[in-house]
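Participant: I'd like to ask you about the structure that follows.
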Amino acid sequence: MSKMKERYVLTQSQKMMVFILSMSLYGLSNMITELVPSIQLGPIELSIEYFAFIPLTLCILFHPLYAAIGAALGEVIFGEIMLGQFGGFGELEKFIAFSLAMFIAGSLVNDPTNKRQVGIAAIIGVVIHQAISSVVDIGKVWIGVEELEAVPGLAESVVVIEGFAFLNDVLFSGILFALLPTLYLVPRLYGKIEPLLGMKPRNNTIKFSMKEVIAPRLIVVGILLACAAFFFEFLSEAGFNYEWEADFLEIFGSWFIWVSIAVAFLVALITVVVMIKNKNNSSNDNDNERLSS
Amino acid sequence: MEYTRKLSEKLSVEQVKIELLNTAYGNGHTFLAKLDPRTLFIWYLFFGMAPWFIHNKPVLIGLLVFMVITTITAKISPLIILILCLGLLGQGGYLLIASWFFGGDLSVILPLIILTMKVSIISLASITVFCSMDPEKLSNGLLKIGVPGQVSFSIAYGYRMLPSLLEEYHHVFLSFRLRGKAPMKHGFLYWRTIGYFAKIAVLSFYPLLLSTAKRARTTVEALELKGSFYAFNHPKVKKIKLAHLSFRSRDYMFLAFSALYVFTLFVAGNI
């Protein structure tokens with residue numbers, strides 16, 4: 001029971017406040033980024049992909065789940081429905097990917113005043129979101145084009161373009177519009193914005209309920225889900241034309257290795273973060289033992 | 001030059017607000033707007049998914065023609081169509097150029113055209129469906145098919161708050177510009193100016209975060225007073241609220257006509 005008391009609990013109205021705050025702000029920023037024209041340098045597109053710092057800041061300062069869902073819904077409502085660009089099912093994928101990424105980023109942070117944690121979480125959030133959306137985009141071309149491997153050069157170019165867009169988004173939007181502003185805003189808003197919503201700031205002594213138990217598990221489940229989605233797409237495609245399977249590894253072999261490296265890197269990074277978190281949390285011995293074992 | 005002038009006219013804050021309201025409420029008199037939201041959802045369920053799995057060219061062309069006709073009858077704003085076309089052309093063009101680097105030849109064009117056709121069928125279907133519903137109808141429809149009440153509230157809230165939020169953001173942005181110092185030189189490719197504006201755009205969110213937090217609290221308190229949290233997901237409240245939704249003969253006719261058209265297309269395409 002003592003553990004229950006320590007958790008970071010919000011009332012329903014506070015959850016709704018976080019939700020509305022996150023929704024309206026990220027929605028507004030989305031509308032602005034939709035309207036700002038992008039700069040094209042050949043195939044390199046230097047565009048403001050999104051102001052990821054808003055949901056990241058809110059996920060770090062408040063309950064990550066409600067802030068993340070609010071932001072994703074805000075994107076759909078303000079950035080898509082209101083501009084008349086609602087994509088139907090495509091939005092569902094964006095919604096899930098974005099709220100998952102932001103939630104994971106928010107739950108990685110234990111102490112909002114710790115700049116290193118905030119920075120790592122911000123970058124991880126962007127990387128997860130962009131990785132999911134590039135995989136989905138590649139999958140779309142697979143399903144959309146019949147006998148993809150029969151067309152010379154198309155498969156490689158899709159992977160290259162998506163990989164390039166991924167790097168571009170992570171390095172350009174990710175650093176300029178996620179990492180730096182989050183690092184600037186979180187310490188400044190911490191302790192200031194929470195009283196406006198009538199709640200206490202998140203701190204080390206108040207435990208955030210799902211952080212230690214679910215977050216690592218959630219990440220594993222998330223990776224598994226991504227793999228499952230990936231294989232389902234592959235299977236459904238294989239059902240349409242069987243000659244795919246033979247050439248599959250030849251075409252995508254190197255790319256698969258890259259994916260596994262990325263996943264391994266991600267897992268390693270998460271482990272490091274969890275270890276850092278445990279070090280900071282030496283007061284709670286039970287959790288330490290369970291996580292480090 | 002003419003083009004840039006027109007574009008900058010389109011991009012003023014006032015114009016954006018007008019365009020938004022126009023997209024939302026401007027076309028309530030079209031045929032599609034009079035249909036029940038559930039009819040449109042069912043219709044979209046087919047046309048938003050099926051094209052991915054169809055590889056038959058005549059069928060796809062037929063579907064595209066049908067989508068273009070529905071888009072015209074829905075009277076979609078030309079700006080949205082322009083944005084859609086630019087996006088489609090951009091994506092297809094890049095894939096084409098990149099595939100030539102990997103030893104592709106002209107045979108790449110045909111699959112790319114088919115892919116673009118599929119994407120445009122799906123985008124046109126979603127634009128037709130979701131632009132011809134005004135926000136109230138969309139949120140009622142979503143509520144009816146079992147989406148939580150918070151979502152439909154958020155849609156209504158978004159439409160209500162966005163103009164004032166946009167204005168507030170604009171004011172903060174302008175005051176940052178007034179008090180700040182713009183770079184003396186534009187720099188190579190205007191990068192200094194762009195960097196300056198990007199920085200202001202980010203910084204302007206700091207005051208906005210605080211004021212929106214206050215506003216969110218006021219909103220939630222008002223909602224509590226009206227008992228909205230009870231009403232959001234209570235079946236009886238929902239029933240009263242959604243009593244006006246009903247399938248009429250034109251809904252059945254529209255669905256029947258679409259089904260007939262698709263069926264004929266498949267028969268004709270496979271001959």
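In the structure tokens, the first chain shown is A, the next is B, and so on; residue numbers restart at 1 for each chain, and ligands run from 1 in the order shown.
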For chain B against chain A, which residues fall within 6 Å using only C-alpha atoms, given as an NGL selection string?
Facilitator: :B and (52 or 98-99 or 102-104 or 115 or 126 or 131 or 210 or 213-214 or 216-217)
Participant: Point out the residue among B:Ala231, B:Leu209, B:Leu79, B:Met67 with the least atom-to-atom distance to Ser258 of chain B, counting only C-alpha atoms.
Facilitator: B:Met67
Participant: Find the spatial neighbours of segment 149-160 of chain B, counting only C-alpha atoms, within a cut-off of 7 Å - ignore same-chain residues fewer than 5 positions away - and output them as a PDB file with N, CA and C atoms, in the first residue's frame.
Facilitator:
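out.pdb was written with the following content:
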ATOM      1  N   SER A  24      -4.106  21.188 -27.831  1.00  0.00           N
ATOM      2  CA  SER A  24      -4.241  22.474 -28.508  1.00  0.00           C
ATOM      3  C   SER A  24      -2.881  23.035 -28.900  1.00  0.00           C
ATOM      4  N   ILE A  77      -6.474  16.440 -35.517  1.00  0.00           N
ATOM      5  CA  ILE A  77      -7.585  17.387 -35.627  1.00  0.00           C
ATOM      6  C   ILE A  77      -7.146  18.696 -36.284  1.00  0.00           C
ATOM      7  N   PHE A  78      -6.095  19.316 -35.746  1.00  0.00           N
ATOM      8  CA  PHE A  78      -5.707  20.630 -36.248  1.00  0.00           C
ATOM      9  C   PHE A  78      -4.973  20.525 -37.575  1.00  0.00           C
TER      10      PHE A  78
ATOM     11  N   PRO B 135     -17.644  19.876 -38.958  1.00  0.00           N
ATOM     12  CA  PRO B 135     -17.083  19.278 -37.743  1.00  0.00           C
ATOM     13  C   PRO B 135     -18.121  18.663 -36.824  1.00  0.00           C
ATOM     14  N   GLU B 136     -19.264  19.305 -36.749  1.00  0.00           N
ATOM     15  CA  GLU B 136     -20.292  18.785 -35.848  1.00  0.00           C
ATOM     16  C   GLU B 136     -20.760  17.407 -36.297  1.00  0.00           C
ATOM     17  N   SER B 139     -18.047  14.795 -35.695  1.00  0.00           N
ATOM     18  CA  SER B 139     -17.909  14.338 -34.311  1.00  0.00           C
ATOM     19  C   SER B 139     -19.111  13.507 -33.898  1.00  0.00           C
ATOM     20  N   LEU B 142     -18.545  10.086 -35.414  1.00  0.00           N
ATOM     21  CA  LEU B 142     -17.530   9.333 -34.682  1.00  0.00           C
ATOM     22  C   LEU B 142     -18.092   8.813 -33.370  1.00  0.00           C
ATOM     23  N   LEU B 143     -18.889   9.654 -32.711  1.00  0.00           N
ATOM     24  CA  LEU B 143     -19.504   9.254 -31.447  1.00  0.00           C
ATOM     25  C   LEU B 143     -20.407   8.045 -31.672  1.00  0.00           C
ATOM     26  N   PHE B 232     -19.998  12.283 -21.308  1.00  0.00           N
ATOM     27  CA  PHE B 232     -19.174  11.864 -22.444  1.00  0.00           C
ATOM     28  C   PHE B 232     -19.459  10.446 -22.893  1.00  0.00           C
ATOM     29  N   ASN B 233     -19.521   9.528 -21.925  1.00  0.00           N
ATOM     30  CA  ASN B 233     -19.619   8.130 -22.318  1.00  0.00           C
ATOM     31  C   ASN B 233     -20.850   7.439 -21.744  1.00  0.00           C
TER      32      ASN B 233
END
Participant: Which distance in Å separates atom CA of Phe164 of chain A and atom CA of Ala101 of chain A, to one decimal?
Facilitator: 19.9 Å
Participant: Taking only C-alpha atoms into account, name the residue in B:Thr71, B:Thr219, B:Ser164, B:Ser228 that is nearest to Glu14 of chain B.
Facilitator: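 So, comparing all the options, the nearest one is B:Ser164.
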Participant: Hey, what's within 12 Å of Ala33 of chain B if we count only C-alpha atoms and toss same-chain stuff fewer than 3 positions away? As a compact mmCIF listing (two decimals) with C-alpha atoms, in the first residue's frame, please?
Facilitator:
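Final output, saved to result_37.txt:
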# COMPACT_ATOMS: atom_id res chain seq x y z
CA ALA B 24 -15.14 23.47 -42.24
CA TYR B 25 -18.49 25.01 -42.97
CA GLY B 26 -18.31 26.19 -46.58
CA ASN B 27 -19.90 23.26 -48.36
CA GLY B 28 -22.89 22.12 -46.40
CA HIS B 29 -25.19 22.25 -49.40
CA THR B 30 -23.59 19.56 -51.59
CA ASP B 36 -25.54 10.37 -43.00
CA PRO B 37 -21.99 10.29 -41.59
CA ARG B 38 -22.14 6.52 -41.24
CA THR B 39 -22.86 6.15 -44.96
CA LEU B 40 -19.73 8.14 -45.69
CA THR B 70 -17.21 12.77 -56.34
CA THR B 71 -14.51 15.33 -55.56
CA THR B 73 -19.50 17.29 -56.64
CA ALA B 74 -18.16 17.85 -53.13
CA LYS B 75 -16.81 21.28 -54.18
CA ILE B 76 -13.43 20.96 -52.48
CA THR B 128 -14.24 13.93 -50.38
CA VAL B 129 -15.56 12.22 -47.29
CA PHE B 130 -14.00 14.33 -44.59
CA CYS B 131 -14.34 17.70 -46.28
CA SER B 132 -18.02 17.27 -46.98
CA MET B 133 -18.76 16.69 -43.32
CA ASP B 134 -18.81 19.75 -41.11
CA PRO B 135 -17.08 19.28 -37.74
CA GLU B 136 -20.29 18.78 -35.85
CA LYS B 137 -21.40 16.05 -38.16
CA LEU B 138 -18.02 14.38 -38.10
CA ARG B 250 -30.54 8.80 -50.53
CA ASP B 251 -28.00 7.05 -48.29
Participant: Distance atom CA of Leu174 of chain B-atom CA of Tyr50 of chain A, one decimal place?
Facilitator: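 Going from atom CA of Leu174 of chain B over to atom CA of Tyr50 of chain A, I get 21.2 Å.
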Participant: For a quick check of understanding, using only C-alpha atoms, which of A:Gly79, A:Leu171, A:Val127, A:Leu108 has the smallest distance to Cys59 of chain A?
Facilitator: A:Leu108
Participant: Determine, counting only C-alpha atoms, which protein, DNA and RNA residues have an atom within 10 Å of an atom of Gln117 of chain A; residues of the same chain fewer than 3 positions away are not included. Present the result as a PDB file with N, CA and C atoms, in the first residue's frame.
Facilitator:
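Dumped to around.pdb:
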ATOM      1  N   ALA A 105       9.356   8.304 -24.810  1.00  0.00           N
ATOM      2  CA  ALA A 105      10.302   9.369 -24.478  1.00  0.00           C
ATOM      3  C   ALA A 105       9.965   9.962 -23.118  1.00  0.00           C
ATOM      4  N   LEU A 108      10.836   7.733 -20.149  1.00  0.00           N
ATOM      5  CA  LEU A 108      12.257   7.491 -19.884  1.00  0.00           C
ATOM      6  C   LEU A 108      12.814   8.487 -18.880  1.00  0.00           C
ATOM      7  N   VAL A 109      12.170   9.650 -18.799  1.00  0.00           N
ATOM      8  CA  VAL A 109      12.731  10.695 -17.933  1.00  0.00           C
ATOM      9  C   VAL A 109      12.224  10.512 -16.521  1.00  0.00           C
ATOM     10  N   ASN A 110      13.181  10.487 -15.611  1.00  0.00           N
ATOM     11  CA  ASN A 110      12.871  10.299 -14.212  1.00  0.00           C
ATOM     12  C   ASN A 110      12.885  11.636 -13.492  1.00  0.00           C
ATOM     13  N   ASP A 111      13.861  12.442 -13.874  1.00  0.00           N
ATOM     14  CA  ASP A 111      14.092  13.694 -13.181  1.00  0.00           C
ATOM     15  C   ASP A 111      14.165  14.804 -14.222  1.00  0.00           C
ATOM     16  N   PRO A 112      13.125  15.623 -14.347  1.00  0.00           N
ATOM     17  CA  PRO A 112      13.114  16.638 -15.411  1.00  0.00           C
ATOM     18  C   PRO A 112      14.230  17.667 -15.313  1.00  0.00           C
ATOM     19  N   THR A 113      14.900  17.769 -14.171  1.00  0.00           N
ATOM     20  CA  THR A 113      15.983  18.749 -14.102  1.00  0.00           C
ATOM     21  C   THR A 113      17.295  18.180 -14.626  1.00  0.00           C
ATOM     22  N   ASN A 114      17.328  16.880 -14.863  1.00  0.00           N
ATOM     23  CA  ASN A 114      18.542  16.245 -15.371  1.00  0.00           C
ATOM     24  C   ASN A 114      18.616  16.402 -16.881  1.00  0.00           C
ATOM     25  N   ILE A 120      18.532  12.722 -23.970  1.00  0.00           N
ATOM     26  CA  ILE A 120      18.471  11.360 -24.520  1.00  0.00           C
ATOM     27  C   ILE A 120      17.027  11.004 -24.868  1.00  0.00           C
ATOM     28  N   ALA A 121      16.105  11.338 -23.945  1.00  0.00           N
ATOM     29  CA  ALA A 121      14.702  10.999 -24.176  1.00  0.00           C
ATOM     30  C   ALA A 121      14.180  11.707 -25.421  1.00  0.00           C
ATOM     31  N   ALA A 122      14.554  12.986 -25.604  1.00  0.00           N
ATOM     32  CA  ALA A 122      14.055  13.732 -26.759  1.00  0.00           C
ATOM     33  C   ALA A 122      14.494  13.076 -28.057  1.00  0.00           C
ATOM     34  N   LEU A 183      15.533  20.959 -24.359  1.00  0.00           N
ATOM     35  CA  LEU A 183      16.527  21.244 -23.321  1.00  0.00           C
ATOM     36  C   LEU A 183      16.356  22.650 -22.766  1.00  0.00           C
ATOM     37  N   VAL A 273      20.054   3.734 -20.192  1.00  0.00           N
ATOM     38  CA  VAL A 273      19.192   4.716 -19.530  1.00  0.00           C
ATOM     39  C   VAL A 273      18.582   4.133 -18.273  1.00  0.00           C
ATOM     40  N   ILE A 276      21.147   4.093 -15.575  1.00  0.00           N
ATOM     41  CA  ILE A 276      21.351   5.436 -15.002  1.00  0.00           C
ATOM     42  C   ILE A 276      20.220   5.769 -14.047  1.00  0.00           C
ATOM     43  N   LYS A 277      19.021   5.416 -14.497  1.00  0.00           N
ATOM     44  CA  LYS A 277      17.844   5.704 -13.695  1.00  0.00           C
ATOM     45  C   LYS A 277      17.929   4.971 -12.368  1.00  0.00           C
TER      46      LYS A 277
END
Participant: Got a sec: who's within 10 Å of Glu162 of chain A, counting only C-alpha atoms, leaving out chain neighbours fewer than 6 positions off, as an MDAnalysis selection string?
Facilitator: chainID A and resid 130:131 133:138 156 168
Participant: Any chance you can output those residues with N, CA and C atoms as a compact mmCIF listing (two decimals), in the first residue's frame?
Facilitator:
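Result written to selection.txt:
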# COMPACT_ATOMS: atom_id res chain seq x y z
N GLN A 130 10.30 8.39 -36.18
CA GLN A 130 10.73 8.42 -37.59
C GLN A 130 10.98 7.01 -38.11
N ALA A 131 11.52 6.12 -37.26
CA ALA A 131 11.79 4.77 -37.71
C ALA A 131 10.49 4.07 -38.07
N SER A 133 7.67 5.45 -38.95
CA SER A 133 7.01 5.97 -40.15
C SER A 133 7.78 5.62 -41.42
N SER A 134 9.12 5.51 -41.36
CA SER A 134 9.81 5.11 -42.60
C SER A 134 9.49 3.67 -42.95
N VAL A 135 9.44 2.79 -41.93
CA VAL A 135 9.12 1.39 -42.22
C VAL A 135 7.74 1.29 -42.86
N VAL A 136 6.78 2.07 -42.32
CA VAL A 136 5.44 2.02 -42.88
C VAL A 136 5.43 2.54 -44.31
N ASP A 137 6.20 3.61 -44.58
CA ASP A 137 6.23 4.17 -45.93
C ASP A 137 6.81 3.17 -46.92
N ILE A 138 7.87 2.47 -46.50
CA ILE A 138 8.45 1.47 -47.39
C ILE A 138 7.43 0.37 -47.65
N GLU A 156 15.47 -0.51 -54.35
CA GLU A 156 16.60 0.14 -53.69
C GLU A 156 16.31 1.61 -53.47
N ASN A 168 17.64 12.62 -42.33
CA ASN A 168 17.40 14.06 -42.45
C ASN A 168 16.50 14.55 -41.32
Participant: Would you kindly return, as a ChimeraX atom specification, each protein, DNA or RNA residue with an atom no farther than 9 Å from any atom of His63 of chain A, considering only C-alpha atoms and excluding same-chain residues fewer than 4 positions away?
Facilitator: /A:8-10,15,18,58-59,67-68,103,106-107,202,208
Participant: Take the residues from that selection and write them out as a compact mmCIF listing (two decimals), in the first residue's frame, keeping C-alpha atoms.
Facilitator:
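The file below, again-v6.txt, is the result:
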# COMPACT_ATOMS: atom_id res chain seq x y z
CA TYR A 8 2.22 9.83 -9.55
CA VAL A 9 -1.55 9.89 -9.66
CA LEU A 10 -3.72 12.40 -11.47
CA LYS A 15 -5.72 14.13 -16.97
CA VAL A 18 -3.00 17.71 -19.65
CA LEU A 58 4.75 18.09 -21.97
CA CYS A 59 5.38 14.34 -21.78
CA ALA A 67 0.21 14.24 -23.06
CA ALA A 68 1.19 11.82 -25.84
CA PHE A 103 5.03 8.13 -24.46
CA GLY A 106 8.30 10.84 -21.61
CA SER A 107 8.48 7.75 -19.46
CA ARG A 202 6.91 15.54 -11.01
CA PHE A 208 5.44 7.91 -11.62
Participant: Please determine, counting only C-alpha atoms, which residue among B:Ile109, B:Lys144, B:Phe101, B:Ser211 has the shortest atom-to-atom distance to Lys241 of chain B.
Facilitator: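 Counting only C-alpha atoms, the residue closest to Lys241 of chain B is B:Lys144.
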Participant: So how many Å separate atom CA of Gly180 of chain B and atom CA of Thr212 of chain B, to one decimal?
Facilitator: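 Between these atoms lies a distance of 23.4 Å.
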